[in-house]
Every structure is written in structure tokens, then in C-alpha cells.
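> Let me give you the structure first, and then I'll get to my questions.
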Amino acid sequence: MPDILLVILAVVFVLGIAINIHEFGHFIVAKLFGMRVEAYSFFGLGPRIWGFKVGHTDYRISAIPLGAYVKLYGDEETSALEGGASRDEKVPDSELYELRPRWQKFLVMLGGPFMNILLALSIPFFGALMYGVPAIPDPIISYVAPGGAAEQAGIKPGDKVVAFEGEDNPTWRKIETGAAISPEKPVSIVVEREGQRVPLSITPAKVDRKGQAFGETQMKPDEGVQEVVARVSNSESPAAKGGMQTGDRIISVNGANVRNVGNFQTMVQEGKGAPLAVVVDRAGQRQTLTLNAELSETGQARIGVELLGKGSKAREPAGVGDAANFAFASNYEIIALTGRVFGQLFTGQRAVKDAGLAGPVGIVGIISNVVREDGFVGLVSILAVISLNLGVFNLLPIPLLDGGQIMVLGVEKVLSWFGATLSMAVREKIQLAGLAVILVLMVFTLFLDISKFF
């Protein structure tokens, strides 16, 4: 399948589901309350270009390929984006959105974000039930990259991280994500070494991942006991010259047993380029190889082989409770990290260009990278993230968004206490102001997307 077609299908799959599950939320709540739905555009805004009618509802494709919409009879505030004013059709008052109680309108507006958040929770929940939850290794360090952020901080193999950013007993995931949003920013870390707590400060190295800036500690945790299997792809590498072959299982180095990938890398590094006596298991037969690691300019010893860790408990079986906890925790982590990034923006600790904000071009780029590297299976996780962000973003009190319409309902409720109300003209002006804000945000994020190419 040509790359461009693959990307188009991936974008349609992810954005189509994320946007339509949102609109379906509005649609189903309105239907449950007996409101008449005039149109459901599952692709595009503006005038209808194709569709079919079932009952009173016209299911359609619209002209402007941006999003989707559900149009309810009696709701004319955003009619310009929803194919124009309602048809001249006699509709019972009991089916009109505008004549319904505010609490019903509130639930209709809430239905879209609710479905997005529900989808974001459902994906990791069912994934955990089927495949288990990722096993999180204890934060015991097995490998420290020479010259990297961890080594510069004074961290050594065998250290156990007992505090990170002021939080005691952090998980490895907490350390990874905390470092990821703090590139080139000092972060407090406390390690336990020979029974003593050693307070340190680590400055995660700034790395570029698909156009986004992230921080890396440049150290690895102890993954427990696992088989270390070699994959040799370069015939000129020190490993190949020493006789190592793809599929060799590495048993020991200089008489010391190899526990896992990080442990083996540390053993190679400690050799400082001296000949290494490496025992491997090849088809049931043990052989001793002599390898001469190469030292890079940074002092890192390499043997030029890809290492695969097998037998480690990458995932653990999960029941319903564990799967629910995992789904909630993974979504909360995304929201919390996003909040911290925006906090860094407002306090000047992070530049806007490094905030990871993505507009239309950026989102398409992320989806295309995922589908090329991980296939359509990889799109499921990115769908959960985009759906969560879409749900939360729509709850912001910006006119035109669901949160803005909920805010208007609140304003109307307060005005009703004084016998006043909002006229249709005022409501339309509020929606136009919201549209202006959305357009400015789109242009700004589009500028950030395009600037990354230069």
C-alpha cells in the first residue's frame, strides 16, 4: 500500500472515530430526551453535499472538511456552521431543543466530551484486560550512559532512586515522564547507595522525537533477570569480528553472569575497551568469544550489536479492578503532564515552540509516524490520547465549544434570577467571538507546525 494512502486511511481512522464519538455523545443524549435531531454530519461542516434520511434525521457529508456536527431543531446559534437555518417544518414544542430545561441542555452539551473521555478510558481498560498491565520495574539503576545526564548528576549503576521531584518512592514511569517534560531543567533526585541517601540534581538531556522536545535521564532500570539475545546486523562491528552471531544468548562477561540488557551494557562499559571474554549459548552449545569493544569520543564502549531482552515480565495479568485503575491512572497522567507543561509555559520555564502543541499538520504528522512505525495497531493508543484531549479541550469555557455553551447556560440561569435573558443576537455574537478564538488558535498551532520544517 502506498505511503500516502496508508497515511490518509490512518488519519481518517483516528480523527474520524475521535470526532464522531464526540458528536454521537450529543446525538444519543438528545435522542434519549426526545429532542428532534435535524441533521448528523459525520464528516465536515457547512452545507450538505450528500446524505440519506432516516426518520426525521438527515445523515450527511458536508462541504467543509473540518470536524462534524449534530444539528438540533430549535438550536440556531451555530446554524451557519451546520448547513444553515432549520427547515420550515412544523415541529412539536416538546421536541425543540430551545424549549427544554437547562439541565437537559447541559447534559446534551456534556454528552460529547463524556463520550471522548469514556473512549480514552475504554482503550487502556480493555487492553489491560486482554494483554495485562505493563510491569513497572523498581527504580534500581542497571546502566548509566557515559557522559549522559545521569552520569553528570553522579548517579551510578546499582543506585536506587528513592525520591524524584520531591516525591518519595517514585515509580520508574514517574521518573521517565517527569524527565520528559523537563528537558535541560534541573530536577531534584535522591538515590540510595550502600544504605545512604544521596541527594543529587539531574538535568535531563534534550532530545528530539518526531519534532517534539523531550528530556531523557540517559539511564536504564534493572528489568530483573532476563535472557539477553544478540542480533548482529553489521559485519564490521566488534561483535561480528569476535564471532558473535544473531541468536546468540549471552551468558556471562569475564566470568560474571549477565542478568539483563542494562547489566550487560554496564559490563561492556566497565571493560573500558579491554578484551572481553563473553560466553554465549548457540543452539545449545556454549562458546567463549573474545570481543574488543570500541570507545567512542564520549568514552562509551560499544560492541555494535542489538540486544533483545527475553523472559522479563513485560506485562502482568490484570483483573477488572486492576484494569480500571490502570485506565484511570494512564489518563490522569496525560492530563497532569499536560497541565504541568502549560504551567511551565505561563511561568516562562518552557518556550512555546517546545511545548509540544500540535495543530492540524502536527496531528497528521504524529499519526503518520505512528502508522509507519507500529502499523494500525499503534493507532489505538494515539486514538485514546487524541480522544482524551478532544474531550477535555471541549470543556474549556470558550464560546462555540461545549464548555462555552455550558457557560452560557450558567449565565442565563443567573440572569433568570433577575428576570432577564440573553437575546438571540447576543448569543450569536458570543458564538462569533468563540469562532474567532478557535481560528486564532488554529492559525497559531498551524504556524508552529510549519515552523518546525524550517
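By order in the C-alpha cells, chains are A, B, ...; within a chain, residues start at 1; ligands start at 1, following the order shown.
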Need to verify the contact set: segment 361-375 of chain A, 8 Å, only C-alpha atoms, exclusion of same-chain residues closer than 2 positions in sequence. Can you return it as a VMD selection string?

chain A and resid 6 to 7 10 to 11 14 210 358 to 359 377 to 379 382 446 449 to 450

> Applying 7 Å and only C-alpha atoms, which residues near Val190 of chain A remain after dropping the ones on its own chain fewer than 2 positions away? List them as an NGL selection string.

:A and (161-164 or 188 or 192 or 197-200)

> Find the spatial neighbours of Ala324 of chain A, counting only C-alpha atoms, within a cut-off of 9 Å - ignore same-chain residues fewer than 2 positions away - and output them as a short mmCIF file (atom, residue, chain, number, x, y, z; two decimals) with all heavy atoms, in the first residue's frame.


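Resulting contents of result09.cif:
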```cif
data_model
loop_
_atom_site.label_atom_id
_atom_site.label_comp_id
_atom_site.auth_asym_id
_atom_site.auth_seq_id
_atom_site.Cartn_x
_atom_site.Cartn_y
_atom_site.Cartn_z
N LEU A 121 -10.78 6.12 28.26
CA LEU A 121 -10.67 5.19 29.38
C LEU A 121 -10.85 3.74 28.91
O LEU A 121 -10.20 2.82 29.44
CB LEU A 121 -11.72 5.51 30.44
CG LEU A 121 -11.50 6.78 31.27
CD1 LEU A 121 -12.76 7.12 32.05
CD2 LEU A 121 -10.31 6.62 32.22
N SER A 122 -11.71 3.53 27.93
CA SER A 122 -12.03 2.17 27.48
C SER A 122 -10.85 1.49 26.80
O SER A 122 -10.65 0.28 26.97
CB SER A 122 -13.23 2.20 26.52
OG SER A 122 -14.37 2.71 27.17
N PRO A 124 -7.37 1.73 27.17
CA PRO A 124 -6.42 1.06 28.08
C PRO A 124 -7.09 0.03 28.98
O PRO A 124 -6.45 -0.95 29.38
CB PRO A 124 -5.83 2.22 28.88
CG PRO A 124 -6.80 3.33 28.78
CD PRO A 124 -7.45 3.17 27.44
N PHE A 125 -8.38 0.23 29.31
CA PHE A 125 -9.07 -0.73 30.17
C PHE A 125 -9.17 -2.10 29.50
O PHE A 125 -8.76 -3.12 30.08
CB PHE A 125 -10.47 -0.20 30.51
CG PHE A 125 -11.32 -1.18 31.28
CD1 PHE A 125 -11.10 -1.39 32.63
CD2 PHE A 125 -12.32 -1.90 30.64
CE1 PHE A 125 -11.87 -2.30 33.35
CE2 PHE A 125 -13.09 -2.81 31.35
CZ PHE A 125 -12.87 -3.01 32.70
N PHE A 126 -9.69 -2.13 28.29
CA PHE A 126 -9.83 -3.41 27.60
C PHE A 126 -8.46 -3.96 27.17
O PHE A 126 -8.27 -5.18 27.12
CB PHE A 126 -10.77 -3.27 26.40
CG PHE A 126 -12.21 -3.12 26.79
CD1 PHE A 126 -12.86 -1.91 26.68
CD2 PHE A 126 -12.90 -4.20 27.33
CE1 PHE A 126 -14.19 -1.78 27.06
CE2 PHE A 126 -14.24 -4.07 27.72
CZ PHE A 126 -14.88 -2.86 27.58
N ALA A 128 -5.76 -3.69 28.94
CA ALA A 128 -5.22 -4.30 30.16
C ALA A 128 -5.89 -5.64 30.44
O ALA A 128 -5.23 -6.60 30.87
CB ALA A 128 -5.40 -3.35 31.34
N GLY A 319 -7.04 -8.05 36.55
CA GLY A 319 -8.47 -8.24 36.68
C GLY A 319 -9.20 -6.95 36.36
O GLY A 319 -8.58 -5.95 35.95
N VAL A 320 -10.52 -6.93 36.56
CA VAL A 320 -11.31 -5.74 36.24
C VAL A 320 -10.85 -4.54 37.05
O VAL A 320 -10.70 -3.43 36.53
CB VAL A 320 -12.81 -6.03 36.48
CG1 VAL A 320 -13.63 -4.74 36.31
CG2 VAL A 320 -13.31 -7.09 35.53
N GLY A 321 -10.61 -4.74 38.36
CA GLY A 321 -10.19 -3.64 39.22
C GLY A 321 -8.84 -3.08 38.81
O GLY A 321 -8.66 -1.85 38.72
N ASP A 322 -7.87 -3.98 38.54
CA ASP A 322 -6.54 -3.53 38.12
C ASP A 322 -6.59 -2.81 36.78
O ASP A 322 -5.91 -1.80 36.57
CB ASP A 322 -5.59 -4.72 38.02
CG ASP A 322 -5.26 -5.31 39.38
OD1 ASP A 322 -5.33 -4.56 40.38
OD2 ASP A 322 -4.95 -6.52 39.46
N PHE A 326 -5.60 1.03 36.07
CA PHE A 326 -4.60 1.35 35.04
C PHE A 326 -5.16 2.37 34.05
O PHE A 326 -4.46 3.32 33.67
CB PHE A 326 -4.18 0.08 34.31
CG PHE A 326 -3.31 0.33 33.11
CD1 PHE A 326 -2.00 0.76 33.27
CD2 PHE A 326 -3.80 0.13 31.83
CE1 PHE A 326 -1.19 1.01 32.16
CE2 PHE A 326 -3.00 0.37 30.72
CZ PHE A 326 -1.70 0.81 30.88
N ALA A 327 -6.42 2.18 33.63
CA ALA A 327 -7.03 3.10 32.67
C ALA A 327 -7.13 4.50 33.26
O ALA A 327 -6.81 5.50 32.60
CB ALA A 327 -8.41 2.60 32.26
N PHE A 328 -7.59 4.59 34.52
CA PHE A 328 -7.71 5.90 35.17
C PHE A 328 -6.34 6.54 35.33
O PHE A 328 -6.15 7.73 35.04
CB PHE A 328 -8.40 5.75 36.52
CG PHE A 328 -8.48 7.04 37.30
CD1 PHE A 328 -9.45 7.98 37.02
CD2 PHE A 328 -7.55 7.32 38.29
CE1 PHE A 328 -9.52 9.17 37.72
CE2 PHE A 328 -7.60 8.51 39.00
CZ PHE A 328 -8.59 9.44 38.71
N ALA A 329 -5.35 5.76 35.81
CA ALA A 329 -4.02 6.31 36.08
C ALA A 329 -3.36 6.80 34.81
O ALA A 329 -2.72 7.86 34.80
CB ALA A 329 -3.15 5.26 36.78
#
```

> Just give me the gap between atom CA of Asp75 of chain A and atom CA of Ala39 of chain A in Å, one decimal is fine.

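Interatomic distance, atom CA of Asp75 of chain A to atom CA of Ala39 of chain A: 11.7 Å.
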
> In terms of the shortest atom-to-atom distance over only C-alpha atoms, which of A:Tyr143, A:Trp103, A:Trp172, A:Phe33 is closest to Glu270 of chain A?

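Among A:Tyr143, A:Trp103, A:Trp172, A:Phe33, it is A:Tyr143 that comes nearest to Glu270 of chain A.
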
> Ranking A:Lys53, A:Asp402, A:Pro360, A:Gly25 by minimum distance to Val443 of chain A and counting only C-alpha atoms, which one comes first?

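Using only C-alpha atoms, the shortest distance to Val443 of chain A belongs to A:Pro360.
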
> Nearest to Glu236 of chain A: which of A:Met219, A:Val305, A:Ile123, A:Ala274 is it, counting only C-alpha atoms?

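Smallest separation from Glu236 of chain A among the options: A:Val305.
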
> Given the choices A:Val225, A:Ala213, A:Ala425, A:Leu289, which gets closest to Met244 of chain A if the distance is worked out from only C-alpha atoms?

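Closest residue, counting only C-alpha atoms: A:Leu289.
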
> What does the distance between atom CA of Leu388 of chain A and atom CA of Ala120 of chain A come to in Å, to one decimal place?

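Separation between atom CA of Leu388 of chain A and atom CA of Ala120 of chain A: 5.3 Å.
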
> Can you write out as a Markdown table which residues of segment 251-336 of chain A fall within 12 Å of segment 132-142 of chain A, alongside each residue's closest atom pair and its distance in Å to one decimal, counting only C-alpha atoms and ordering rows by chain and ascending residue number?


```
| residue | atom | partner | partner_atom | distance |
| --- | --- | --- | --- | --- |
| A:Val258 | CA | A:Ser142 | CA | 11.3 |
| A:Arg259 | CA | A:Ser142 | CA | 9.6 |
| A:Asn260 | CA | A:Ser142 | CA | 8.6 |
| A:Val261 | CA | A:Ser142 | CA | 8.7 |
| A:Gly262 | CA | A:Ser142 | CA | 5.2 |
| A:Asn263 | CA | A:Ser142 | CA | 5.4 |
| A:Phe264 | CA | A:Ser142 | CA | 8.9 |
| A:Gln265 | CA | A:Ser142 | CA | 8.6 |
| A:Thr266 | CA | A:Ser142 | CA | 7.1 |
| A:Met267 | CA | A:Ser142 | CA | 10.0 |
| A:Gln269 | CA | A:Ser142 | CA | 11.7 |
| A:Ser312 | CA | A:Ala135 | CA | 9.2 |
| A:Lys313 | CA | A:Ala135 | CA | 6.4 |
| A:Ala314 | CA | A:Ala135 | CA | 5.2 |
| A:Arg315 | CA | A:Pro134 | CA | 4.3 |
| A:Glu316 | CA | A:Gly132 | CA | 5.0 |
| A:Pro317 | CA | A:Gly132 | CA | 4.2 |
| A:Ala318 | CA | A:Gly132 | CA | 5.0 |
| A:Gly319 | CA | A:Gly132 | CA | 8.4 |
| A:Val320 | CA | A:Gly132 | CA | 10.5 |
| A:Gly321 | CA | A:Val133 | CA | 11.5 |
| A:Asp322 | CA | A:Val133 | CA | 8.0 |
| A:Ala323 | CA | A:Val133 | CA | 7.2 |
| A:Ala324 | CA | A:Val133 | CA | 10.5 |
| A:Asn325 | CA | A:Val133 | CA | 10.0 |
| A:Phe326 | CA | A:Val133 | CA | 7.1 |
| A:Ala327 | CA | A:Val133 | CA | 9.5 |
| A:Ala329 | CA | A:Val133 | CA | 11.5 |
| A:Ser330 | CA | A:Val133 | CA | 10.8 |
```

> Would you compute the distance between atom CA of Leu96 of chain A and atom CA of Lys71 of chain A? Give it in Å to one decimal.

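These atoms are spaced 11.3 Å apart.
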
> Could you give me, as a list in words, each residue of segment 262-331 of chain A that DSSP assigns to helix (DSSP H, G or I) when run on this structure's backbone?

Gly262, Asn263, Phe264, Gln265, Thr266, Met267, Val268, Gln269, Glu270, Val320, Gly321, Asp322, Ala323, Ala324, Asn325, Phe326, Ala327, Phe328, Ala329, Ser330 and Asn331 of chain A

> Near Gly273 of chain A, counting only C-alpha atoms, which residues have an atom at most 8 Å away, once you skip same-chain residues fewer than 2 positions from it, shown as a PyMOL selection string?

chain A and resi 268-269+271+275+292-295+301

> Selection from above, N, CA, C and O atoms, as a PDB file, in the first residue's frame, can you write it?


```pdb
ATOM      1  N   VAL A 268      30.092  -4.151  29.657  1.00  0.00           N
ATOM      2  CA  VAL A 268      30.897  -3.737  28.494  1.00  0.00           C
ATOM      3  C   VAL A 268      31.543  -2.393  28.766  1.00  0.00           C
ATOM      4  O   VAL A 268      32.717  -2.168  28.464  1.00  0.00           O
ATOM      5  N   GLN A 269      30.782  -1.476  29.373  1.00  0.00           N
ATOM      6  CA  GLN A 269      31.315  -0.150  29.660  1.00  0.00           C
ATOM      7  C   GLN A 269      32.449  -0.207  30.669  1.00  0.00           C
ATOM      8  O   GLN A 269      33.463   0.491  30.534  1.00  0.00           O
ATOM      9  N   GLY A 271      34.524  -2.443  31.021  1.00  0.00           N
ATOM     10  CA  GLY A 271      35.724  -3.012  30.414  1.00  0.00           C
ATOM     11  C   GLY A 271      36.648  -1.971  29.820  1.00  0.00           C
ATOM     12  O   GLY A 271      37.828  -2.245  29.576  1.00  0.00           O
ATOM     13  N   PRO A 275      39.853  -6.345  26.069  1.00  0.00           N
ATOM     14  CA  PRO A 275      39.220  -7.554  25.544  1.00  0.00           C
ATOM     15  C   PRO A 275      38.255  -8.167  26.557  1.00  0.00           C
ATOM     16  O   PRO A 275      38.555  -8.244  27.752  1.00  0.00           O
ATOM     17  N   ASN A 292      36.485  -7.111  21.360  1.00  0.00           N
ATOM     18  CA  ASN A 292      37.213  -5.870  21.642  1.00  0.00           C
ATOM     19  C   ASN A 292      36.292  -4.695  21.361  1.00  0.00           C
ATOM     20  O   ASN A 292      36.057  -4.337  20.202  1.00  0.00           O
ATOM     21  N   ALA A 293      35.723  -4.138  22.430  1.00  0.00           N
ATOM     22  CA  ALA A 293      34.782  -3.028  22.278  1.00  0.00           C
ATOM     23  C   ALA A 293      35.479  -1.781  21.763  1.00  0.00           C
ATOM     24  O   ALA A 293      36.670  -1.550  22.042  1.00  0.00           O
ATOM     25  N   GLU A 294      34.743  -0.987  21.009  1.00  0.00           N
ATOM     26  CA  GLU A 294      35.267   0.290  20.511  1.00  0.00           C
ATOM     27  C   GLU A 294      34.831   1.402  21.444  1.00  0.00           C
ATOM     28  O   GLU A 294      33.703   1.416  21.931  1.00  0.00           O
ATOM     29  N   LEU A 295      35.712   2.355  21.684  1.00  0.00           N
ATOM     30  CA  LEU A 295      35.383   3.508  22.530  1.00  0.00           C
ATOM     31  C   LEU A 295      35.044   4.700  21.643  1.00  0.00           C
ATOM     32  O   LEU A 295      35.816   5.064  20.757  1.00  0.00           O
ATOM     33  N   ALA A 301      31.732   2.585  25.478  1.00  0.00           N
ATOM     34  CA  ALA A 301      32.219   1.351  24.868  1.00  0.00           C
ATOM     35  C   ALA A 301      31.071   0.666  24.136  1.00  0.00           C
ATOM     36  O   ALA A 301      29.994   0.473  24.694  1.00  0.00           O
TER      37      ALA A 301
END
```

> May I have the residues within 12 Å of Ser41 of chain A as a ChimeraX atom specification, using only C-alpha atoms and disregarding those fewer than 3 positions away in the same chain?

/A:16,19-20,23-24,27,37-38,44-53,57-72,81-83

> Write down as a PyMOL selection string the residues of segment 139-367 of chain A whose backbone DSSP state falls under strand (DSSP E).

chain A and resi 141-144+160-164+167-168+187-193+196-202+205-209+212-216+219-221+227-231+249-253+256-257+275-282+285-292+294-295+301-302+306-310+315-316
